[in-house]
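Inspection log for the structure reproduced underneath, given as structure tokens.
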Amino acid sequence: MVSFSDIRQLSFAGLSHRRQEVNLEDLICEKECSKFCPKRRDRTRCECGRGEVHHSPAALTSPGETWRSDTCTTRMKPRCYGSIIFPDEDVFHVDAPFLRINDDVDMSRLVDFLQLKWNLKRPTLIISVAGGANDLDMCERHQEVLLKGLRHVVKLSWVLTGGRNAGIAKLCGEAMKQFILSSDEYDAKRHVLLGVVFWGLMQGLEYDRLGMDSLIPPDDHQGAYDAEYSAPVAGIGLDPHHTHFLLVDDGTWNISGREQATRSKLEYQLTFKGLPGKKDTPVPILCLMVEGSHSTIDTVRRALINNTPCLVVNGSGGASALLAHAVNLSHTGISDDDLSKELEAKAEVWLGSVNVSKNASWIIECLQYKKLIRVFDLESVTSASDLDNAILRTILDIGGLKVAEKLELTLVWHRPDLTEQVLNESRLSPTDFENLAVRALIENRQALVEYCFRKLTTTDFLTKSKMERIYYETVNSWSSESHFLHAAFNERKDTKFLNTVEKTLKSEFRVTYHPVYKNRIEAEIKAGRKKKKSHLPSEKFNSPDREVFLYSLIFLRKESSCFFWDRTSSKIASSILALKILAGIGRHNRIHARDPGVKVRVTEMISEFEDRTLSVLNECYSKNPEYAEKSLLKQIPFAGQNDNCLKLVEDTSLSDFRFKFFTTPCCQSIVSQRWFGRLSQSNSKGSLVAACLFFPLVFFLSLTSEDKEDSHPRPLDWLGPFRRLRAFYTAPYVKYCYSVGSYLVFLAIFSIVNLEGLEHRQLTSIPEKWTWKNSAFNIPSILESVVIIWVFSFLCEEIRRMILDATSRVNYFGDFWNILSLVSIAVFAVGVVLRVTLEDWIPFAHGLYIIVLFLYSVKFTNMFALNSDLGPKLVMIKKMLYDLLLFMIIASVFVIAYGIAVQSLIYPGKTSDPLSLTWGLLFHPLFELFGNPFFPTIGATDKCVDRSESIWPYQHCPVQNTGTTIFAICLKVFYMMFTNVLLLNLLIAMFNNRFTEVQTESNEYWKMLRYELLNEYFNKPILPPPFILLYHVYLLGTALICRESARSMQVELLPEKEKRQLENWEELCWRRLCSRNSQNTMDEGPLALPRDPYGAKKVQVSETRQGSIESQTSRL
């Protein structure tokens, strides 16, 4: 474990470590007997259990005396692995993965396989169930008690059984089945019922007792095998409700209990060696003994030798009754001889007359570990939950667990009484408890994290150094080696991990985040103040819960991030920051390549925080609109100096969330206020337009202030008129009016230029070396020069938006209107160059001018977005254009195919004119698609030229052939029916679907368009084009282009006290919302789910806390 004191001296060599990929052929193999060692009683059968006919000739020619699995077997390439399908069973989980392993498999690599290939998550507890392989010999009441207890056990731990469809293993399978049916919490990676079965039991003899033959793939099969399991007619097969199977093969056949040694090694690996990368945190394990036979005693004996605690269920009969009886006798002080005789007598009664002395000796050997044995008596059961309670208390008392592991178990099993008991008994010091919280956070033990952080004061506990330690150890752990921070830490070679996280978020995901500390020393240094020795950067965060919240987001821990978000001060800002980070992770291709499950987790977390953001915002606005608007406009220190919630949402790449957020009543209220600036909304739009045309009317308009409206300035206040003019001309609505007027004038002048045509006036007074190919420059007319200057002002404004306006820079090329502006400017620039330099190309330049005029006319329709009726129609048109593009892609296939067919039929032969060929292949069938059939051209001779001529657009005369003509007409009829009837109606249906989609939410679309329009004109200069060039010259002259940044709806710098009061207001609204949802859930019944799944258990606040928040809010 990395030491806290030397965290900054850590080497980065460990960061480049990668786990080795598990090669299946190196991990496992199949065994086959290679030496025939005859039995003493039956010389025709080998010690491995198989007869001579099942051995190869080589094995028969090299007999041995003593059979051993390691020396008398041949290792073969593994074939039996994949998934087991139970077709005739009511199985409710996915197909069970299975793997045939050899008895001496490398257990550490096997556990690697379980996690890397089967993607099993680390359990909090492992229950190894040992019991009889036959039907349970107990009453229904006892079986029901066991079943209810096991149902709780399979929910919270891994369970290892014998895997067969009988006895206690079958009962465990029934418990898993009932858990899956009764709960939606089932996760195949977390809820594991693992069956460890001996492969050679009754396999290869007269019949297959376990149904193993159905798991063997064909000889020509390669890779994983999806085996359709066939249950044996006689004997006991595999239990269909187990989730995973390990089939142990040591080369022997029909010898029971051969898997016990391998199972014991697996349990030891999981328990005392830990999981890969977690060597210091082994998994606690408990052996549960129910009924059983001779092999069950061997299983328990091996578990006790490994220091595994054992819970013996007395009252179930068999081996468990014998061991429970031995434990009770050991407390009476009986002698060893009498104890041996008593056990042999009971063993003969309960287990039969076979291996009596061996059973008794094994029981006596188990008594040497009497401190690890607890007895659970079924006859004393008073409630169905006693079994799982006994399991938990046994593992806590004699499991040898650390305090952290005990606390985690009690929390996961929802036993707060035992949690407090463990804490009181452990008597942890504050430092130890803090280290416990750090370890729980690093290892993602969510229950323990929540418990520890509720008891800690994070402001004093979570310092910068501890946060760096948490980042380093988490990134360097086995579960996060594929994380994007792993490469960042390794590349930057920087021990200031928080700086690395900040730089990585900005470079990888375009997320700006600055940790806020309690003092402002770093800000003062940047401002130019002299640094004093006593003023060192603070180790304490201003909001430590937000730092852990960010940490949880980066590592995609949904439960942890929701818990710490609930503890943050700025609910809305923190959730929007979470959405930005998650959106960045979601579009990171390298992360998806390493872990395909990232996208699913990111989608779930995005949906969660979208709901939280909108819920809190709407709740705040419904209670107090003014406070809600201030919460969105206030400065967010951890996101940037000029950032507020609105700007954070503008920068995010989640278009659906932006649409939902900006159409909320709170955002629309801000839009309504900011649209008129300081002008009162009581002014009519007619008066505002009149003031735009005749500025003295400005002094008759009403203004708004913080307290009241001021309709008339004081006569002696000389600054009053200037303030009125500034308030009027900086209002976004006034800028919009001037832009509309300016644009109309531009279109009118440009239309006149195109109607009059381009004049051929040459500039002959320039040096000859400036000319190209003896061509002189053509002088534009005065109106054309005005248009050129106007378009140049458009270009300068687009450049200003891309450079200064951070919001436009992020999403600039994703806006249709911006792309249209750039295309128009580029086409116009080409037209101007051709018009000025090349006289012969002036007609072509005139055509480009006409295209630009059309594009700018289309762009003018964006001004209609302010209208609630026309705005949604613009959205319809844009969406329909996309549908039209898809339609043309489909239709082009048929158009080209038909054009080639008709051209080859009617006009065969080689065509020398490419334009005529293009007309026949493309334009001719395209016009027919639009309703012009061109029937007279088929078989006609008029309006055509001889084939030796090539004059476009006249086409060659068609071939005079009756058969060809009839075939062409039939083809044309089919083409028109398919395109004009089928495809065009499909296009109409697509348009109708788009219309319905937009029309149903037309008000929301208009709100979004209005916000985008406001955001554009809020940051727009006061002067309209072309006078806006004066402002651009001003920017260049004062070099503000390097320092100034765009505003985002006027970021409000509030005092610290007022900011805290607004944060308390958000907190209060969130608590009320969750309390109301929880109450509605209780009223609606148990099937109703709360809107926030975490609200019911995490957001209950005391009446004192609510009263304090309400009092602070009232003072605000």
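Letters for chains follow the order of the structure tokens (A, B, ...), residue numbers begin at 1 for each chain, and ligand numbers begin at 1 in the order shown.
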| Every residue of segment 614-713 of chain A that DSSP places in strand (DSSP E), as a count of residues only | 4
| request: Pull the helix (DSSP H, G or I) assignments for segment 224-377 of chain A out of DSSP run on the backbone, and list those residues as a count of residues only. | output: 69
| message | I'd like the neighbourhood of segment 333-343 of chain A as a PyMOL selection string, where a residue qualifies if any of its atoms comes within 9 Å (using only C-alpha atoms), though same-chain residues fewer than 5 positions away should be ignored. | response | chain A and resi 322-323+325-326+348+356-357+359-361+363-364
| query | Can you list, as a ChimeraX atom specification, every protein, DNA or RNA residue that comes within 7 Å of segment 155-172 of chain A when you count only C-alpha atoms, leaving out same-chain residues fewer than 4 positions away? | reply | /A:123-136,147,150-151,176,191-197,236-239,242,290
Within 12 Å of segment 36-41 of chain A, counting only C-alpha atoms, which residues show up once you throw out same-chain ones fewer than 6 positions away? Write them as an mmCIF file with N, CA and C atoms, in the first residue's frame, please.
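Once everything was written out, this is around10.cif:
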data_model
loop_
_atom_site.group_PDB
_atom_site.id
_atom_site.type_symbol
_atom_site.label_atom_id
_atom_site.label_comp_id
_atom_site.auth_asym_id
_atom_site.auth_seq_id
_atom_site.Cartn_x
_atom_site.Cartn_y
_atom_site.Cartn_z
ATOM 1 N N GLU A 47 -6.925 -48.221 -12.532
ATOM 2 C CA GLU A 47 -7.133 -47.460 -11.296
ATOM 3 C C GLU A 47 -7.829 -46.124 -11.553
ATOM 4 N N CYS A 48 -7.781 -45.668 -12.794
ATOM 5 C CA CYS A 48 -8.466 -44.409 -13.116
ATOM 6 C C CYS A 48 -9.969 -44.591 -13.176
ATOM 7 N N GLY A 49 -10.441 -45.848 -13.170
ATOM 8 C CA GLY A 49 -11.865 -46.123 -13.171
ATOM 9 C C GLY A 49 -12.417 -46.566 -14.505
ATOM 10 N N ARG A 50 -11.620 -46.551 -15.576
ATOM 11 C CA ARG A 50 -12.103 -46.926 -16.892
ATOM 12 C C ARG A 50 -11.567 -48.303 -17.293
ATOM 13 N N GLY A 51 -12.268 -48.948 -18.209
ATOM 14 C CA GLY A 51 -11.857 -50.266 -18.680
ATOM 15 C C GLY A 51 -10.816 -50.177 -19.782
ATOM 16 N N GLU A 52 -10.389 -51.372 -20.244
ATOM 17 C CA GLU A 52 -9.361 -51.433 -21.276
ATOM 18 C C GLU A 52 -9.829 -50.807 -22.588
ATOM 19 N N VAL A 53 -11.121 -50.933 -22.885
ATOM 20 C CA VAL A 53 -11.622 -50.430 -24.161
ATOM 21 C C VAL A 53 -11.566 -48.910 -24.247
ATOM 22 N N HIS A 54 -11.464 -48.247 -23.083
ATOM 23 C CA HIS A 54 -11.429 -46.789 -23.073
ATOM 24 C C HIS A 54 -10.002 -46.263 -22.989
ATOM 25 N N HIS A 55 -9.005 -47.124 -23.184
ATOM 26 C CA HIS A 55 -7.613 -46.699 -23.169
ATOM 27 C C HIS A 55 -7.021 -46.857 -24.569
ATOM 28 N N SER A 56 -6.069 -46.042 -24.866
ATOM 29 C CA SER A 56 -5.387 -46.120 -26.162
ATOM 30 C C SER A 56 -4.431 -47.307 -26.170
ATOM 31 N N PRO A 57 -4.054 -47.781 -27.347
ATOM 32 C CA PRO A 57 -3.074 -48.893 -27.406
ATOM 33 C C PRO A 57 -1.756 -48.548 -26.731
ATOM 34 N N ALA A 58 -1.338 -47.287 -26.808
ATOM 35 C CA ALA A 58 -0.084 -46.889 -26.154
ATOM 36 C C ALA A 58 -0.193 -47.021 -24.644
ATOM 37 N N ALA A 59 -1.375 -46.713 -24.091
ATOM 38 C CA ALA A 59 -1.549 -46.831 -22.646
ATOM 39 C C ALA A 59 -1.529 -48.276 -22.196
ATOM 40 N N LEU A 60 -2.046 -49.183 -23.022
ATOM 41 C CA LEU A 60 -2.063 -50.597 -22.661
ATOM 42 C C LEU A 60 -0.682 -51.225 -22.750
ATOM 43 N N THR A 61 0.161 -50.701 -23.640
ATOM 44 C CA THR A 61 1.504 -51.269 -23.803
ATOM 45 C C THR A 61 2.504 -50.733 -22.794
ATOM 46 N N SER A 62 2.141 -49.686 -22.042
ATOM 47 C CA SER A 62 3.053 -49.121 -21.025
ATOM 48 C C SER A 62 2.338 -49.091 -19.686
ATOM 49 N N PRO A 63 2.096 -50.269 -19.105
ATOM 50 C CA PRO A 63 1.359 -50.311 -17.829
ATOM 51 C C PRO A 63 2.210 -49.771 -16.685
ATOM 52 N N GLY A 64 1.540 -49.323 -15.631
ATOM 53 C CA GLY A 64 2.212 -48.855 -14.430
ATOM 54 C C GLY A 64 1.720 -49.588 -13.217
ATOM 55 N N GLU A 65 2.408 -49.427 -12.118
ATOM 56 C CA GLU A 65 2.041 -50.097 -10.876
ATOM 57 C C GLU A 65 1.101 -49.231 -10.036
ATOM 58 N N THR A 66 1.494 -47.975 -9.835
ATOM 59 C CA THR A 66 0.699 -47.051 -9.005
ATOM 60 C C THR A 66 0.214 -45.905 -9.885
ATOM 61 N N TRP A 67 -1.085 -45.693 -9.849
ATOM 62 C CA TRP A 67 -1.666 -44.670 -10.714
ATOM 63 C C TRP A 67 -1.663 -43.329 -9.987
ATOM 64 N N ARG A 68 -1.144 -42.309 -10.689
ATOM 65 C CA ARG A 68 -1.150 -40.941 -10.184
ATOM 66 C C ARG A 68 -1.591 -40.016 -11.314
ATOM 67 N N SER A 69 -2.314 -38.986 -10.934
ATOM 68 C CA SER A 69 -2.867 -38.086 -11.946
ATOM 69 C C SER A 69 -1.794 -37.308 -12.676
ATOM 70 N N THR A 71 1.422 -38.220 -13.260
ATOM 71 C CA THR A 71 2.383 -39.022 -14.038
ATOM 72 C C THR A 71 1.721 -39.990 -15.001
ATOM 73 N N CYS A 72 0.473 -40.308 -14.776
ATOM 74 C CA CYS A 72 -0.190 -41.324 -15.589
ATOM 75 C C CYS A 72 -1.246 -40.739 -16.521
ATOM 76 N N THR A 73 -1.189 -39.450 -16.776
ATOM 77 C CA THR A 73 -2.162 -38.818 -17.665
ATOM 78 C C THR A 73 -1.442 -38.000 -18.724
ATOM 79 N N GLY A 251 -8.541 -36.910 -14.701
ATOM 80 C CA GLY A 251 -8.259 -38.119 -15.469
ATOM 81 C C GLY A 251 -8.932 -39.356 -14.955
ATOM 82 N N THR A 252 -9.608 -39.315 -13.821
ATOM 83 C CA THR A 252 -10.277 -40.491 -13.256
ATOM 84 C C THR A 252 -11.755 -40.466 -13.595
#
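Residues with any atom within 9 Å of Phe497 of chain A, counting only C-alpha atoms and excluding same-chain neighbours fewer than 5 positions away, are A:Met467, A:Glu468, A:Arg469, A:Tyr471, A:Tyr472, A:Phe489, A:Glu502.
Within 9 Å of segment 983-999 of chain A, once only C-alpha atoms are used and residues closer than 4 positions along the same chain are dropped, the contacting residues are Pro872, Lys873, Val875, Met876, Lys879, Met880, Asp883, Leu884, Phe887, Ile890, Ala891, Leu929, Met977, Phe978, Thr979, Asn1003 and Tyr1005 of chain A.
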| request: Would you work out the distance separating atom CA of Ile606 of chain A from atom CA of Glu650 of chain A, expressed in Å to one decimal? | output: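 Computed distance, atom CA of Ile606 of chain A to atom CA of Glu650 of chain A, equals 16.2 Å.
Atom CA of Lys31 of chain A is found 27.1 Å from atom CA of Ile297 of chain A.
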